[in-house]
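**Student:** Contents of my_file23.pdb (PDB, C-alpha atoms) are below:
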```pdb
MODEL        1
ATOM      1  CA  MET A 155     -76.209 107.717 -66.360
ATOM      2  CA  HIS A 156     -78.857 108.976 -63.987
ATOM      3  CA  LEU A 157     -81.731 107.682 -61.938
ATOM      4  CA  LEU A 158     -84.908 108.050 -63.931
ATOM      5  CA  ARG A 159     -87.240 106.811 -61.223
ATOM      6  CA  SER A 160     -87.467 104.440 -58.321
ATOM      7  CA  GLU A 161     -90.661 102.473 -58.150
ATOM      8  CA  GLY A 162     -91.270 100.023 -55.330
ATOM      9  CA  ASP A 163     -87.974  98.231 -54.883
ATOM     10  CA  GLN A 164     -86.777  98.879 -58.424
ATOM     11  CA  PHE A 165     -84.396 101.571 -59.567
ATOM     12  CA  VAL A 166     -84.639 102.536 -63.225
ATOM     13  CA  PHE A 167     -81.514 104.206 -64.580
ATOM     14  CA  GLU A 168     -81.154 105.884 -67.933
ATOM     15  CA  VAL A 169     -77.750 105.175 -69.438
ATOM     16  CA  GLY A 170     -76.407 106.782 -72.615
ATOM     17  CA  LYS A 171     -75.199 104.548 -75.426
ATOM     18  CA  ARG A 172     -71.526 105.327 -74.884
ATOM     19  CA  GLU A 173     -71.969 105.121 -71.124
ATOM     20  CA  THR A 174     -73.482 101.666 -71.492
ATOM     21  CA  ARG A 175     -70.468 100.532 -73.478
ATOM     22  CA  LEU A 176     -68.138 102.063 -70.906
ATOM     23  CA  LEU A 177     -70.032 100.364 -68.067
ATOM     24  CA  GLN A 178     -69.954  96.998 -69.805
ATOM     25  CA  ASP A 179     -66.245  97.287 -70.638
ATOM     26  CA  THR A 180     -65.520  98.312 -67.039
ATOM     27  CA  LEU A 181     -67.422  95.355 -65.622
ATOM     28  CA  LYS A 182     -65.564  92.964 -67.915
ATOM     29  CA  LEU A 183     -62.390  93.752 -65.942
ATOM     30  CA  TYR A 184     -63.816  92.234 -62.748
ATOM     31  CA  PRO A 185     -62.163  90.907 -60.587
ATOM     32  CA  LEU A 186     -59.118  93.140 -60.738
ATOM     33  CA  ILE A 187     -57.728  93.104 -57.199
ATOM     34  CA  PRO A 188     -55.050  90.385 -56.947
ATOM     35  CA  ALA A 189     -56.115  87.558 -54.607
ATOM     36  CA  SER A 190     -53.013  88.085 -52.460
ATOM     37  CA  HIS A 191     -53.625  91.804 -51.905
ATOM     38  CA  PRO A 192     -56.185  91.847 -49.048
ATOM     39  CA  GLN A 193     -54.499  91.366 -45.672
ATOM     40  CA  VAL A 194     -56.417  90.356 -42.574
ATOM     41  CA  THR A 195     -53.985  92.164 -40.253
ATOM     42  CA  ARG A 196     -50.924  94.375 -40.240
ATOM     43  CA  SER A 197     -49.354  92.347 -37.472
ATOM     44  CA  SER A 198     -47.303  89.321 -38.411
ATOM     45  CA  GLU A 199     -47.513  87.257 -35.249
ATOM     46  CA  GLY A 200     -49.240  83.995 -34.492
ATOM     47  CA  ASP A 201     -50.594  80.865 -36.162
ATOM     48  CA  GLN A 202     -54.123  82.131 -35.723
ATOM     49  CA  ILE A 203     -53.367  85.052 -37.975
ATOM     50  CA  GLU A 204     -52.182  82.653 -40.671
ATOM     51  CA  SER A 205     -55.417  80.723 -40.540
ATOM     52  CA  SER A 206     -57.410  83.968 -40.492
ATOM     53  CA  GLN A 207     -55.568  85.123 -43.600
ATOM     54  CA  ARG A 208     -56.327  81.831 -45.319
ATOM     55  CA  LEU A 209     -59.987  82.125 -44.354
ATOM     56  CA  LEU A 210     -60.145  85.638 -45.747
ATOM     57  CA  GLU A 211     -58.586  84.596 -49.052
ATOM     58  CA  GLU A 212     -61.011  81.681 -49.356
ATOM     59  CA  ALA A 213     -64.031  83.855 -48.558
ATOM     60  CA  LEU A 214     -63.002  86.497 -51.080
ATOM     61  CA  ALA A 215     -62.245  83.908 -53.762
ATOM     62  CA  GLU A 216     -65.692  82.404 -53.289
ATOM     63  CA  GLN A 217     -67.344  85.818 -53.410
ATOM     64  CA  ARG A 218     -65.471  86.774 -56.570
ATOM     65  CA  ALA A 219     -66.374  83.557 -58.356
ATOM     66  CA  GLY A 220     -70.043  84.121 -57.479
ATOM     67  CA  ASN A 221     -69.925  87.762 -58.539
ATOM     68  CA  ARG A 222     -68.255  86.908 -61.832
ATOM     69  CA  LYS A 223     -70.962  84.356 -62.599
ATOM     70  CA  GLN A 224     -73.699  86.827 -61.694
ATOM     71  CA  LEU A 225     -72.017  89.494 -63.772
ATOM     72  CA  ASP A 226     -71.791  87.284 -66.856
ATOM     73  CA  ALA A 227     -75.457  86.435 -66.442
ATOM     74  CA  MET A 228     -76.363  90.110 -66.115
ATOM     75  CA  LEU A 229     -74.341  91.243 -69.122
ATOM     76  CA  SER A 230     -75.784  88.530 -71.345
ATOM     77  CA  GLU A 231     -79.341  88.819 -70.028
ATOM     78  CA  GLU A 232     -81.706  89.954 -72.716
ATOM     79  CA  GLY A 233     -83.671  92.991 -71.673
ATOM     80  CA  ARG A 234     -81.381  93.983 -68.804
ATOM     81  CA  PHE A 235     -80.372  97.000 -70.879
ATOM     82  CA  LYS A 236     -83.601  98.012 -72.591
ATOM     83  CA  PRO A 237     -83.064 100.251 -75.633
ATOM     84  CA  PHE A 238     -84.477 103.727 -75.246
ATOM     85  CA  LYS A 239     -84.360 106.916 -77.346
ATOM     86  CA  THR A 240     -80.887 108.099 -76.434
ATOM     87  CA  GLY A 241     -79.514 104.971 -74.856
ATOM     88  CA  PHE A 242     -80.708 102.255 -72.531
ATOM     89  CA  ARG A 243     -82.733 101.771 -69.397
ATOM     90  CA  LEU A 244     -81.174  99.636 -66.704
ATOM     91  CA  THR A 245     -83.441  98.297 -63.959
ATOM     92  CA  LEU A 246     -81.906  97.100 -60.689
ATOM     93  CA  ASN A 247     -83.282  96.195 -57.285
ATOM     94  CA  PRO A 248     -81.494  97.401 -54.096
ATOM     95  CA  GLN A 249     -79.592  94.110 -53.687
ATOM     96  CA  GLN A 250     -78.330  94.373 -57.253
ATOM     97  CA  VAL A 251     -77.273  97.986 -56.671
ATOM     98  CA  GLU A 252     -75.374  96.883 -53.561
ATOM     99  CA  TRP A 253     -73.734  94.077 -55.479
ATOM    100  CA  LEU A 254     -72.843  96.328 -58.418
ATOM    101  CA  LEU A 255     -71.221  98.776 -56.002
ATOM    102  CA  GLN A 256     -68.953  96.004 -54.682
ATOM    103  CA  VAL A 257     -68.043  94.903 -58.194
ATOM    104  CA  LEU A 258     -67.316  98.439 -59.415
ATOM    105  CA  ASN A 259     -65.215  99.215 -56.369
ATOM    106  CA  ASP A 260     -63.141  96.084 -56.864
ATOM    107  CA  VAL A 261     -62.375  97.304 -60.374
ATOM    108  CA  ARG A 262     -61.651 100.832 -59.082
ATOM    109  CA  VAL A 263     -59.214  99.630 -56.421
ATOM    110  CA  GLY A 264     -57.703  97.125 -58.875
ATOM    111  CA  CYS A 265     -57.072  99.946 -61.391
ATOM    112  CA  TRP A 266     -55.491 102.057 -58.664
ATOM    113  CA  LEU A 267     -53.136  99.197 -57.793
ATOM    114  CA  ARG A 268     -52.156  98.799 -61.434
ATOM    115  CA  LEU A 269     -51.434 102.510 -61.618
ATOM    116  CA  GLY A 270     -48.896 102.089 -58.797
ATOM    117  CA  GLN A 271     -51.137 103.244 -55.917
ATOM    118  CA  PRO A 272     -50.885 106.984 -56.628
ATOM    119  CA  ASP A 273     -51.465 109.223 -53.608
ATOM    120  CA  GLU A 274     -51.695 112.981 -54.010
ATOM    121  CA  LYS A 275     -51.420 113.587 -50.241
ATOM    122  CA  LYS A 276     -48.038 111.858 -50.218
ATOM    123  CA  GLY A 277     -46.930 113.430 -53.490
ATOM    124  CA  LYS A 278     -46.971 110.088 -55.263
ATOM    125  CA  ASN A 279     -48.168 110.848 -58.779
ATOM    126  CA  ILE A 280     -49.511 108.527 -61.416
ATOM    127  CA  ASN A 281     -46.810 107.220 -63.662
ATOM    128  CA  LEU A 282     -48.802 106.880 -66.861
ATOM    129  CA  THR A 283     -47.550 104.564 -69.553
ATOM    130  CA  PRO A 284     -49.205 103.316 -72.745
ATOM    131  CA  ASP A 285     -49.782 100.028 -70.925
ATOM    132  CA  ASN A 286     -51.574 101.367 -67.869
ATOM    133  CA  ALA A 287     -53.309 104.494 -69.233
ATOM    134  CA  ARG A 288     -56.605 102.682 -69.747
ATOM    135  CA  TYR A 289     -56.760 101.881 -66.030
ATOM    136  CA  LEU A 290     -56.983 105.588 -65.242
ATOM    137  CA  VAL A 291     -60.038 105.841 -67.482
ATOM    138  CA  PHE A 292     -61.685 102.806 -65.893
ATOM    139  CA  MET A 293     -60.833 103.970 -62.363
ATOM    140  CA  GLU A 294     -62.591 107.295 -62.970
ATOM    141  CA  ALA A 295     -65.469 105.547 -64.745
ATOM    142  CA  CYS A 296     -66.013 103.389 -61.650
ATOM    143  CA  ALA A 297     -66.109 106.489 -59.446
ATOM    144  CA  TYR A 298     -68.719 108.020 -61.720
ATOM    145  CA  PHE A 299     -70.965 104.946 -61.785
ATOM    146  CA  GLU A 300     -70.558 104.402 -58.031
ATOM    147  CA  SER A 301     -71.629 107.991 -57.340
ATOM    148  CA  VAL A 302     -74.780 107.550 -59.401
ATOM    149  CA  LEU A 303     -75.652 104.303 -57.593
ATOM    150  CA  LEU A 304     -74.950 105.824 -54.165
ATOM    151  CA  SER A 305     -77.132 108.834 -54.939
ATOM    152  CA  ALA A 306     -79.947 106.503 -55.953
ATOM    153  CA  LEU A 307     -79.743 104.679 -52.617
ATOM    154  CA  GLU A 308     -79.905 108.011 -50.785
ATOM    155  CA  ILE A 309     -83.282 108.906 -52.272
TER     156      ILE A 309
ATOM    157  CA  MET B 230    -111.281  45.376 -41.275
ATOM    158  CA  LEU B 231    -110.364  48.551 -39.512
ATOM    159  CA  LYS B 232    -110.331  46.807 -36.156
ATOM    160  CA  THR B 233    -108.027  44.067 -37.461
ATOM    161  CA  TRP B 234    -105.620  46.631 -38.878
ATOM    162  CA  ALA B 235    -105.607  48.485 -35.553
ATOM    163  CA  ALA B 236    -104.732  45.253 -33.752
ATOM    164  CA  ILE B 237    -101.813  44.624 -36.120
ATOM    165  CA  GLU B 238    -100.618  48.183 -35.691
ATOM    166  CA  ASN B 239    -100.859  47.825 -31.910
ATOM    167  CA  ALA B 240     -98.841  44.632 -31.922
ATOM    168  CA  PHE B 241     -96.219  46.236 -34.142
ATOM    169  CA  CYS B 242     -95.887  49.201 -31.786
ATOM    170  CA  LEU B 243     -95.483  46.910 -28.775
ATOM    171  CA  THR B 244     -92.774  44.907 -30.520
ATOM    172  CA  TYR B 245     -91.033  48.099 -31.573
ATOM    173  CA  LEU B 246     -91.144  49.583 -28.096
ATOM    174  CA  TRP B 247     -89.944  46.329 -26.574
ATOM    175  CA  ARG B 248     -86.995  46.303 -28.941
ATOM    176  CA  MET B 249     -86.248  49.912 -28.125
ATOM    177  CA  ALA B 250     -85.818  48.944 -24.514
ATOM    178  CA  GLU B 251     -83.078  46.454 -25.388
ATOM    179  CA  THR B 252     -79.539  47.642 -24.886
ATOM    180  CA  ALA B 253     -78.007  47.475 -28.288
ATOM    181  CA  GLU B 254     -74.304  47.208 -28.891
ATOM    182  CA  PRO B 255     -73.294  50.476 -30.545
ATOM    183  CA  LEU B 256     -72.118  50.026 -34.109
ATOM    184  CA  VAL B 257     -69.688  52.866 -33.716
ATOM    185  CA  ARG B 258     -67.884  53.103 -30.423
ATOM    186  CA  PRO B 259     -67.562  56.569 -28.972
ATOM    187  CA  ASP B 260     -64.194  58.086 -29.668
ATOM    188  CA  VAL B 261     -62.954  58.453 -26.123
ATOM    189  CA  GLY B 262     -59.654  60.044 -27.098
ATOM    190  CA  HIS B 263     -61.220  62.599 -29.412
ATOM    191  CA  GLU B 264     -61.547  66.088 -28.041
ATOM    192  CA  GLU B 265     -64.086  68.489 -29.479
ATOM    193  CA  LYS B 266     -62.492  71.760 -30.599
ATOM    194  CA  THR B 267     -63.816  74.467 -28.348
ATOM    195  CA  ASP B 268     -63.267  78.158 -28.664
ATOM    196  CA  SER B 269     -60.374  79.254 -26.527
ATOM    197  CA  LYS B 270     -60.786  82.097 -24.066
ATOM    198  CA  GLU B 271     -58.850  84.269 -26.497
ATOM    199  CA  ASP B 272     -61.309  83.506 -29.310
ATOM    200  CA  LEU B 273     -64.271  84.584 -27.228
ATOM    201  CA  GLU B 274     -62.878  87.654 -25.499
ATOM    202  CA  PRO B 275     -63.311  90.975 -27.272
ATOM    203  CA  GLY B 276     -59.591  91.438 -27.677
ATOM    204  CA  PHE B 277     -59.475  92.375 -31.334
ATOM    205  CA  LEU B 278     -59.928  95.777 -32.913
ATOM    206  CA  VAL B 279     -61.432  96.122 -36.361
ATOM    207  CA  ILE B 280     -59.633  99.027 -38.009
ATOM    208  CA  CYS B 281     -60.310 100.788 -41.283
ATOM    209  CA  TRP B 282     -57.271 102.488 -42.810
ATOM    210  CA  ASP B 283     -57.186 105.501 -45.074
ATOM    211  CA  ASP B 284     -56.444 105.112 -48.745
ATOM    212  CA  PRO B 285     -56.707 107.614 -51.559
ATOM    213  CA  VAL B 286     -58.949 105.473 -53.743
ATOM    214  CA  ASN B 287     -62.195 104.740 -51.892
ATOM    215  CA  LEU B 288     -64.812 107.489 -52.232
ATOM    216  CA  MET B 289     -65.934 109.115 -48.993
ATOM    217  CA  ASP B 290     -69.611 108.518 -49.726
ATOM    218  CA  TYR B 291     -68.840 104.920 -50.559
ATOM    219  CA  VAL B 292     -67.004 104.339 -47.262
ATOM    220  CA  THR B 293     -69.936 105.863 -45.337
ATOM    221  CA  HIS B 294     -72.324 103.610 -47.202
ATOM    222  CA  VAL B 295     -70.253 100.497 -46.481
ATOM    223  CA  PHE B 296     -70.126 101.265 -42.742
ATOM    224  CA  GLN B 297     -73.899 101.639 -42.749
ATOM    225  CA  ALA B 298     -74.371  98.411 -44.680
ATOM    226  CA  VAL B 299     -71.923  96.290 -42.663
ATOM    227  CA  PHE B 300     -72.589  97.575 -39.138
ATOM    228  CA  GLY B 301     -76.140  98.838 -39.571
ATOM    229  CA  TRP B 302     -75.073 102.241 -38.275
ATOM    230  CA  ALA B 303     -77.008 105.467 -38.697
ATOM    231  CA  LYS B 304     -75.553 107.783 -41.324
ATOM    232  CA  GLN B 305     -74.215 110.191 -38.694
ATOM    233  CA  LYS B 306     -72.144 107.511 -36.963
ATOM    234  CA  ALA B 307     -70.933 106.090 -40.266
ATOM    235  CA  GLU B 308     -69.858 109.568 -41.394
ATOM    236  CA  PHE B 309     -68.047 110.179 -38.118
ATOM    237  CA  HIS B 310     -65.904 107.061 -38.631
ATOM    238  CA  MET B 311     -65.405 107.809 -42.321
ATOM    239  CA  LEU B 312     -64.076 111.280 -41.437
ATOM    240  CA  GLN B 313     -61.850 109.784 -38.759
ATOM    241  CA  VAL B 314     -60.358 107.472 -41.395
ATOM    242  CA  HIS B 315     -59.922 110.393 -43.780
ATOM    243  CA  ASN B 316     -58.433 112.867 -41.314
ATOM    244  CA  GLN B 317     -56.517 110.646 -38.908
ATOM    245  CA  GLY B 318     -55.503 107.841 -41.240
ATOM    246  CA  LYS B 319     -57.517 105.166 -39.471
ATOM    247  CA  SER B 320     -60.564 104.519 -37.346
ATOM    248  CA  VAL B 321     -61.237 101.783 -34.818
ATOM    249  CA  LEU B 322     -64.671 100.592 -35.862
ATOM    250  CA  THR B 323     -65.344  98.011 -33.182
ATOM    251  CA  ARG B 324     -63.721  95.798 -30.555
ATOM    252  CA  GLU B 325     -64.728  92.152 -30.885
ATOM    253  CA  SER B 326     -63.839  88.533 -30.263
ATOM    254  CA  MET B 327     -61.516  87.046 -32.851
ATOM    255  CA  GLU B 328     -64.374  85.337 -34.664
ATOM    256  CA  ARG B 329     -66.539  88.448 -34.864
ATOM    257  CA  ALA B 330     -63.574  90.604 -35.841
ATOM    258  CA  GLU B 331     -62.823  88.174 -38.675
ATOM    259  CA  HIS B 332     -66.428  88.368 -39.795
ATOM    260  CA  TYR B 333     -66.362  92.165 -39.979
ATOM    261  CA  VAL B 334     -63.017  92.245 -41.752
ATOM    262  CA  HIS B 335     -64.382  89.823 -44.351
ATOM    263  CA  GLN B 336     -67.453  91.987 -44.868
ATOM    264  CA  LEU B 337     -65.425  95.187 -45.219
ATOM    265  CA  GLN B 338     -62.926  93.559 -47.566
ATOM    266  CA  LYS B 339     -65.756  92.297 -49.736
ATOM    267  CA  TYR B 340     -66.394  95.975 -50.403
ATOM    268  CA  SER B 341     -62.627  96.403 -51.056
ATOM    269  CA  LEU B 342     -62.058  98.635 -48.043
ATOM    270  CA  HIS B 343     -58.665  98.519 -46.382
ATOM    271  CA  ALA B 344     -59.738  96.939 -43.104
ATOM    272  CA  THR B 345     -57.761  94.748 -40.723
ATOM    273  CA  MET B 346     -58.077  93.196 -37.275
ATOM    274  CA  GLU B 347     -55.436  93.964 -34.695
ATOM    275  CA  ARG B 348     -54.890  92.536 -31.236
ATOM    276  CA  ASP B 349     -55.847  95.102 -28.608
TER     277      ASP B 349
ENDMDL
END
```
Have the structure of the file written as structure tokens, please.
**Tutor:**
Amino acid sequence: MHLLRSEGDQFVFEVGKRETRLLQDTLKLYPLIPASHPQVTRSSEGDQIESSQRLLEEALAEQRAGNRKQLDAMLSEEGRFKPFKTGFRLTLNPQQVEWLLQVLNDVRVGCWLRLGQPDEKKGKNINLTPDNARYLVFMEACAYFESVLLSALEI
Amino acid sequence: MLKTWAAIENAFCLTYLWRMAETAEPLVRPDVGHEEKTDSKEDLEPGFLVICWDDPVNLMDYVTHVFQAVFGWAKQKAEFHMLQVHNQGKSVLTRESMERAEHYVHQLQKYSLHATMERD
């Protein structure tokens, strides 16, 4: 996947056939972060914190439901992925790029959680099993797609 | 015809205004015992730190981008905080009232960053 051109407020990406399938399969995993994972604070004191935590969970749940709906619409939208010689052309405006970044990163972090939160710095390696191996692939796929989107926004 | 209509309209307005001047019995009595919820001093004071914590999963470029998007920072400032997170394990991004701190934490968590608010 690479940026073919940016015209006006539209980014046109060229995506290979296999990349398109990988992107679509990755996006189907959304949302992957468990609702209980995000914490509003590390401190455990006070009633206000409880209500803040509840607010956060509600806000994220609402955002995820909206994103999922938008994602389904995008994946089923005719012409969103326009066939081209070696693959497809995907056209997105800056808001859609921003939104796609959020969605991809949710999947990336969700995959990381399912892999047991590996951390090289702390010497915590990935414990790969037949059940979780696919999450490693999707986690790296997200990083790849995110990098392409971020580079496009830089231009 | 026009004149007649104007006279009717005039009379209607007078009646309406006259009625307005009457003291009407309120249909709903004011709730004397009810107290409006106001923000406490604690809610309004900038006593909360918004902190972003290091994790091994979020890409450095992505974190920089999120800081720019959420706080409207220039790239240089966003990169400074991103590097602080990366090298020191955390970065205090801003000091805000509880409400504002909550807002920023929500925004950062929408991007799946590990951000929290802590009492200063």
**Student:** Go through the shown structure with the PyMOL selection byres ((chain A) within 10 of (chain B)) and write out the matching residues as number ranges by chain.
**Tutor:** A: 187, 192-197, 199, 202-203, 206-207, 209-211, 213-215, 217-218, 252-253, 255-267, 271-276, 293, 297, 300-301, 303-305, 307-308
**Student:** Would you mind reading off the distance between CA of Thr293 (chain B) and CA of Leu181 (chain A), one decimal, in Å?
**Tutor:**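 We find that CA of Thr293 (chain B) and CA of Leu181 (chain A) lie 23.0 Å from each other.
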**Student:** Distance CA of Leu183 (chain A)-CA of Cys296 (chain A), one decimal place?
**Tutor:**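 Between these atoms lies a distance of 11.2 Å.
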**Student:** The PyMOL selection byres ((chain B and resi 303-311) around 10) - which residues does that actually catch in the file I just gave you? List them as JSON, numbers by chain.
**Tutor:** {"B": [281, 282, 283, 288, 289, 290, 291, 292, 293, 294, 295, 296, 297, 298, 300, 301, 302, 312, 313, 314, 315, 316, 317, 318, 319, 320, 321, 322]}
**Student:** Hey, what comes out of the PyMOL selection byres ((chain A and resi 163-171) around 6) on this file? Could you write it as a ChimeraX atom specification?
**Tutor:** /A:155-162,172-174,241-247
